[in-house]
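Visitor: My structure file target20.txt, compact mmCIF, N, CA and C atoms, is below:
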# COMPACT_ATOMS: atom_id res chain seq x y z
N MET A 1 -27.90 78.51 131.75
CA MET A 1 -27.40 78.72 130.40
C MET A 1 -26.06 79.44 130.41
N ASP A 2 -25.49 79.70 131.58
CA ASP A 2 -24.22 80.41 131.67
C ASP A 2 -23.06 79.66 131.02
N ASP A 3 -23.20 78.36 130.83
CA ASP A 3 -22.10 77.59 130.26
C ASP A 3 -22.29 77.34 128.76
N LYS A 4 -23.30 77.96 128.15
CA LYS A 4 -23.55 77.80 126.73
C LYS A 4 -23.61 79.15 126.03
N CYS A 5 -23.28 79.12 124.77
CA CYS A 5 -23.32 80.32 123.94
C CYS A 5 -24.76 80.70 123.61
N PHE A 6 -25.09 81.97 123.75
CA PHE A 6 -26.43 82.45 123.47
C PHE A 6 -26.81 82.25 122.01
N LEU A 7 -25.86 82.46 121.08
CA LEU A 7 -26.19 82.36 119.67
C LEU A 7 -26.24 80.93 119.14
N CYS A 8 -25.23 80.13 119.42
CA CYS A 8 -25.20 78.79 118.83
C CYS A 8 -25.73 77.72 119.78
N GLY A 9 -25.79 78.03 121.07
CA GLY A 9 -26.32 77.08 122.05
C GLY A 9 -25.38 75.95 122.42
N ALA A 10 -24.21 75.92 121.81
CA ALA A 10 -23.27 74.83 122.06
C ALA A 10 -22.44 75.09 123.32
N ASP A 11 -21.98 74.00 123.90
CA ASP A 11 -21.07 74.12 125.04
C ASP A 11 -19.69 73.61 124.65
N LYS A 12 -19.28 73.92 123.42
CA LYS A 12 -17.97 73.48 122.92
C LYS A 12 -16.85 74.12 123.73
N PRO A 13 -15.68 73.51 123.68
CA PRO A 13 -14.56 74.02 124.49
C PRO A 13 -13.92 75.27 123.90
N GLU A 14 -14.66 76.34 123.87
CA GLU A 14 -14.15 77.63 123.42
C GLU A 14 -14.51 78.64 124.50
N VAL A 15 -13.64 79.57 124.74
CA VAL A 15 -13.86 80.58 125.77
C VAL A 15 -15.14 81.34 125.49
N LEU A 16 -15.93 81.55 126.54
CA LEU A 16 -17.14 82.37 126.43
C LEU A 16 -16.84 83.78 126.91
N ASP A 17 -17.22 84.75 126.10
CA ASP A 17 -17.09 86.16 126.46
C ASP A 17 -18.44 86.68 126.94
N SER A 18 -18.41 87.71 127.75
CA SER A 18 -19.61 88.42 128.13
C SER A 18 -19.78 89.58 127.14
N HIS A 19 -20.79 89.51 126.31
CA HIS A 19 -21.03 90.50 125.26
C HIS A 19 -22.10 91.49 125.71
N HIS A 20 -21.76 92.78 125.70
CA HIS A 20 -22.73 93.83 126.00
C HIS A 20 -23.62 94.00 124.77
N ILE A 21 -24.90 93.78 124.92
CA ILE A 21 -25.82 93.83 123.79
C ILE A 21 -25.83 95.21 123.15
N PHE A 22 -25.85 96.22 123.96
CA PHE A 22 -25.83 97.59 123.46
C PHE A 22 -24.47 98.19 123.83
N GLY A 23 -23.63 98.36 122.84
CA GLY A 23 -22.27 98.84 123.09
C GLY A 23 -22.15 100.34 122.89
N GLY A 24 -20.92 100.76 122.71
CA GLY A 24 -20.63 102.17 122.47
C GLY A 24 -21.13 103.03 123.61
N ALA A 25 -21.90 104.04 123.26
CA ALA A 25 -22.42 105.00 124.25
C ALA A 25 -23.37 104.34 125.25
N PHE A 26 -23.91 103.15 124.90
CA PHE A 26 -24.87 102.48 125.77
C PHE A 26 -24.26 101.30 126.53
N ARG A 27 -22.95 101.15 126.46
CA ARG A 27 -22.28 100.03 127.14
C ARG A 27 -22.53 100.05 128.65
N LYS A 28 -22.42 101.22 129.27
CA LYS A 28 -22.64 101.32 130.72
C LYS A 28 -24.09 100.99 131.08
N LYS A 29 -25.03 101.36 130.22
CA LYS A 29 -26.42 101.02 130.48
C LYS A 29 -26.65 99.52 130.31
N SER A 30 -25.97 98.90 129.34
CA SER A 30 -26.05 97.45 129.19
C SER A 30 -25.58 96.78 130.48
N GLU A 31 -24.51 97.29 131.03
CA GLU A 31 -23.96 96.76 132.28
C GLU A 31 -24.96 96.98 133.42
N LYS A 32 -25.46 98.19 133.53
CA LYS A 32 -26.39 98.56 134.60
C LYS A 32 -27.63 97.67 134.62
N TYR A 33 -28.19 97.40 133.44
CA TYR A 33 -29.42 96.63 133.35
C TYR A 33 -29.20 95.14 133.08
N GLY A 34 -27.95 94.70 133.09
CA GLY A 34 -27.66 93.29 132.89
C GLY A 34 -27.96 92.80 131.48
N LEU A 35 -27.80 93.67 130.51
CA LEU A 35 -28.09 93.32 129.12
C LEU A 35 -26.83 92.80 128.45
N LYS A 36 -26.44 91.62 128.88
CA LYS A 36 -25.25 90.94 128.37
C LYS A 36 -25.60 89.48 128.12
N VAL A 37 -24.89 88.87 127.19
CA VAL A 37 -25.04 87.44 126.91
C VAL A 37 -23.65 86.83 126.77
N LYS A 38 -23.58 85.53 126.94
CA LYS A 38 -22.33 84.80 126.74
C LYS A 38 -22.25 84.35 125.29
N LEU A 39 -21.10 84.62 124.66
CA LEU A 39 -20.85 84.21 123.28
C LEU A 39 -19.47 83.59 123.18
N HIS A 40 -19.33 82.56 122.33
CA HIS A 40 -18.01 81.99 122.09
C HIS A 40 -17.10 83.07 121.50
N HIS A 41 -15.94 83.25 122.10
CA HIS A 41 -15.04 84.36 121.76
C HIS A 41 -14.77 84.47 120.26
N ASP A 42 -14.24 83.42 119.66
CA ASP A 42 -13.85 83.51 118.26
C ASP A 42 -15.03 83.36 117.30
N SER A 43 -15.75 82.26 117.41
CA SER A 43 -16.74 81.91 116.39
C SER A 43 -18.05 82.69 116.48
N CYS A 44 -18.48 83.06 117.66
CA CYS A 44 -19.80 83.69 117.80
C CYS A 44 -19.76 85.15 118.25
N HIS A 45 -18.65 85.59 118.79
CA HIS A 45 -18.58 86.96 119.30
C HIS A 45 -17.87 87.89 118.32
N ILE A 46 -16.63 87.55 117.94
CA ILE A 46 -15.81 88.52 117.23
C ILE A 46 -15.46 88.15 115.79
N PHE A 47 -14.97 86.95 115.56
CA PHE A 47 -14.34 86.65 114.27
C PHE A 47 -15.17 85.84 113.28
N GLY A 48 -16.07 85.00 113.74
CA GLY A 48 -16.80 84.11 112.84
C GLY A 48 -17.73 84.84 111.89
N LYS A 49 -18.08 84.17 110.80
CA LYS A 49 -18.99 84.73 109.81
C LYS A 49 -20.34 85.07 110.43
N GLU A 50 -20.77 84.28 111.41
CA GLU A 50 -22.05 84.50 112.09
C GLU A 50 -21.90 85.25 113.41
N ALA A 51 -20.70 85.74 113.70
CA ALA A 51 -20.41 86.41 114.97
C ALA A 51 -21.26 87.66 115.15
N GLY A 52 -21.59 87.91 116.39
CA GLY A 52 -22.42 89.07 116.72
C GLY A 52 -21.88 90.39 116.20
N HIS A 53 -20.57 90.52 116.11
CA HIS A 53 -19.98 91.77 115.62
C HIS A 53 -19.87 91.80 114.10
N ASN A 54 -20.11 90.68 113.43
CA ASN A 54 -19.94 90.61 111.98
C ASN A 54 -21.22 90.34 111.20
N ASN A 55 -22.25 89.91 111.85
CA ASN A 55 -23.45 89.44 111.17
C ASN A 55 -24.64 90.28 111.59
N ARG A 56 -25.19 91.02 110.66
CA ARG A 56 -26.29 91.95 110.95
C ARG A 56 -27.51 91.22 111.52
N ARG A 57 -27.83 90.06 110.96
CA ARG A 57 -28.99 89.29 111.43
C ARG A 57 -28.82 88.92 112.90
N ASN A 58 -27.64 88.44 113.28
CA ASN A 58 -27.41 88.07 114.68
C ASN A 58 -27.31 89.30 115.58
N MET A 59 -26.76 90.39 115.06
CA MET A 59 -26.71 91.62 115.84
C MET A 59 -28.13 92.09 116.15
N ASP A 60 -28.99 92.04 115.14
CA ASP A 60 -30.39 92.43 115.33
C ASP A 60 -31.10 91.50 116.31
N LYS A 61 -30.83 90.21 116.21
CA LYS A 61 -31.41 89.22 117.13
C LYS A 61 -31.03 89.56 118.58
N LEU A 62 -29.77 89.90 118.80
CA LEU A 62 -29.30 90.25 120.15
C LEU A 62 -29.99 91.51 120.66
N LYS A 63 -30.11 92.51 119.81
CA LYS A 63 -30.72 93.77 120.24
C LYS A 63 -32.22 93.60 120.53
N LYS A 64 -32.91 92.80 119.74
CA LYS A 64 -34.32 92.52 120.01
C LYS A 64 -34.46 91.80 121.35
N TYR A 65 -33.61 90.82 121.57
CA TYR A 65 -33.62 90.10 122.85
C TYR A 65 -33.36 91.08 124.00
N GLY A 66 -32.35 91.93 123.84
CA GLY A 66 -32.01 92.89 124.89
C GLY A 66 -33.14 93.85 125.18
N GLN A 67 -33.82 94.33 124.15
CA GLN A 67 -34.94 95.24 124.37
C GLN A 67 -36.08 94.54 125.09
N LYS A 68 -36.43 93.34 124.65
CA LYS A 68 -37.51 92.60 125.30
C LYS A 68 -37.18 92.34 126.77
N LYS A 69 -35.94 91.95 127.02
CA LYS A 69 -35.50 91.67 128.40
C LYS A 69 -35.59 92.93 129.25
N ALA A 70 -35.08 94.05 128.73
CA ALA A 70 -35.11 95.31 129.49
C ALA A 70 -36.54 95.74 129.77
N MET A 71 -37.39 95.67 128.78
CA MET A 71 -38.78 96.10 128.95
C MET A 71 -39.49 95.21 129.98
N GLU A 72 -39.25 93.92 129.92
CA GLU A 72 -39.89 93.00 130.86
C GLU A 72 -39.38 93.22 132.28
N GLU A 73 -38.07 93.27 132.43
CA GLU A 73 -37.49 93.37 133.77
C GLU A 73 -37.67 94.74 134.41
N GLN A 74 -37.72 95.79 133.58
CA GLN A 74 -37.85 97.15 134.12
C GLN A 74 -39.29 97.64 134.12
N GLY A 75 -40.19 96.88 133.49
CA GLY A 75 -41.58 97.32 133.40
C GLY A 75 -41.74 98.50 132.45
N TRP A 76 -40.90 98.56 131.43
CA TRP A 76 -40.90 99.69 130.49
C TRP A 76 -41.83 99.45 129.31
N SER A 77 -42.32 100.54 128.76
CA SER A 77 -43.00 100.54 127.47
C SER A 77 -41.92 100.72 126.39
N GLU A 78 -42.31 100.65 125.13
CA GLU A 78 -41.36 100.92 124.05
C GLU A 78 -40.81 102.34 124.17
N ALA A 79 -41.67 103.29 124.52
CA ALA A 79 -41.23 104.68 124.67
C ALA A 79 -40.19 104.82 125.78
N ASP A 80 -40.37 104.09 126.87
CA ASP A 80 -39.39 104.11 127.96
C ASP A 80 -38.05 103.58 127.47
N PHE A 81 -38.10 102.47 126.73
CA PHE A 81 -36.86 101.89 126.21
C PHE A 81 -36.15 102.86 125.27
N ILE A 82 -36.91 103.49 124.40
CA ILE A 82 -36.32 104.45 123.45
C ILE A 82 -35.68 105.60 124.19
N ARG A 83 -36.29 106.06 125.27
CA ARG A 83 -35.70 107.14 126.07
C ARG A 83 -34.33 106.73 126.61
N GLU A 84 -34.19 105.47 126.99
CA GLU A 84 -32.93 104.98 127.56
C GLU A 84 -31.89 104.62 126.51
N PHE A 85 -32.34 103.99 125.39
CA PHE A 85 -31.40 103.43 124.42
C PHE A 85 -31.50 104.04 123.02
N GLY A 86 -32.30 105.08 122.85
CA GLY A 86 -32.27 105.86 121.63
C GLY A 86 -33.10 105.38 120.45
N ARG A 87 -33.53 104.10 120.45
CA ARG A 87 -34.35 103.61 119.34
C ARG A 87 -35.05 102.31 119.71
N ASN A 88 -35.97 101.94 118.86
CA ASN A 88 -36.75 100.71 119.04
C ASN A 88 -36.17 99.63 118.14
N TYR A 89 -35.87 98.45 118.70
CA TYR A 89 -35.31 97.35 117.92
C TYR A 89 -36.32 96.27 117.62
N LEU A 90 -37.56 96.43 118.09
CA LEU A 90 -38.58 95.40 117.86
C LEU A 90 -39.24 95.56 116.49
Have the structure of the file written as structure tokens, please.

Guide:
Amino acid sequence: MDDKCFLCGADKPEVLDSHHIFGGAFRKKSEKYGLKVKLHHDSCHIFGKEAGHNNRRNMDKLKKYGQKKAMEEQGWSEADFIREFGRNYL
């Protein structure tokens, strides 16, 4: 799935960015735990109406995915995830 956008699923000819699911203070932890997805730069990542940075529903979808992935891969409970990332997104 590295050649397709996580949000729209398309493989259109638009640059794919690596989006850190948990940014800001948790950006390094997103990197550490591999909590990143590929998003089309303009339409799905930054500028589009449905872009991860502009659309609350899609932002929440990404965070839920990231939490589930982290919990599964790290063997964490919800409490473990909250200790690392400050809150529960499920």

Visitor: Which residue is closest to His53 in chain A? Choose from A:Gly66, A:Pro13, A:Gly23, A:Gly86 and count only C-alpha atoms.

Guide: A:Gly23

Visitor: Show me, as a PyMOL selection string, the residues that have an atom within 9 Å of Lys12 in chain A when counting only C-alpha atoms, minus same-chain residues fewer than 6 positions from it.

Guide: chain A and resi 4-5+40

Visitor: So that all listed atoms of range 61-73 of chain A fit with 5 Å spare on each side, what axis-aligned box centre and edge lengths in Å, to one decimal, would you give as JSON?

Guide:
{"center_x": -34.6, "center_y": 92.7, "center_z": 125.3, "size_x": 20.6, "size_y": 16.9, "size_z": 28.2}

Visitor: Find the distance between CA of Ser18 in chain A and CA of Ile82 in chain A and write it in Å to one decimal.

Guide: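 Between these atoms lies a distance of 23.6 Å.
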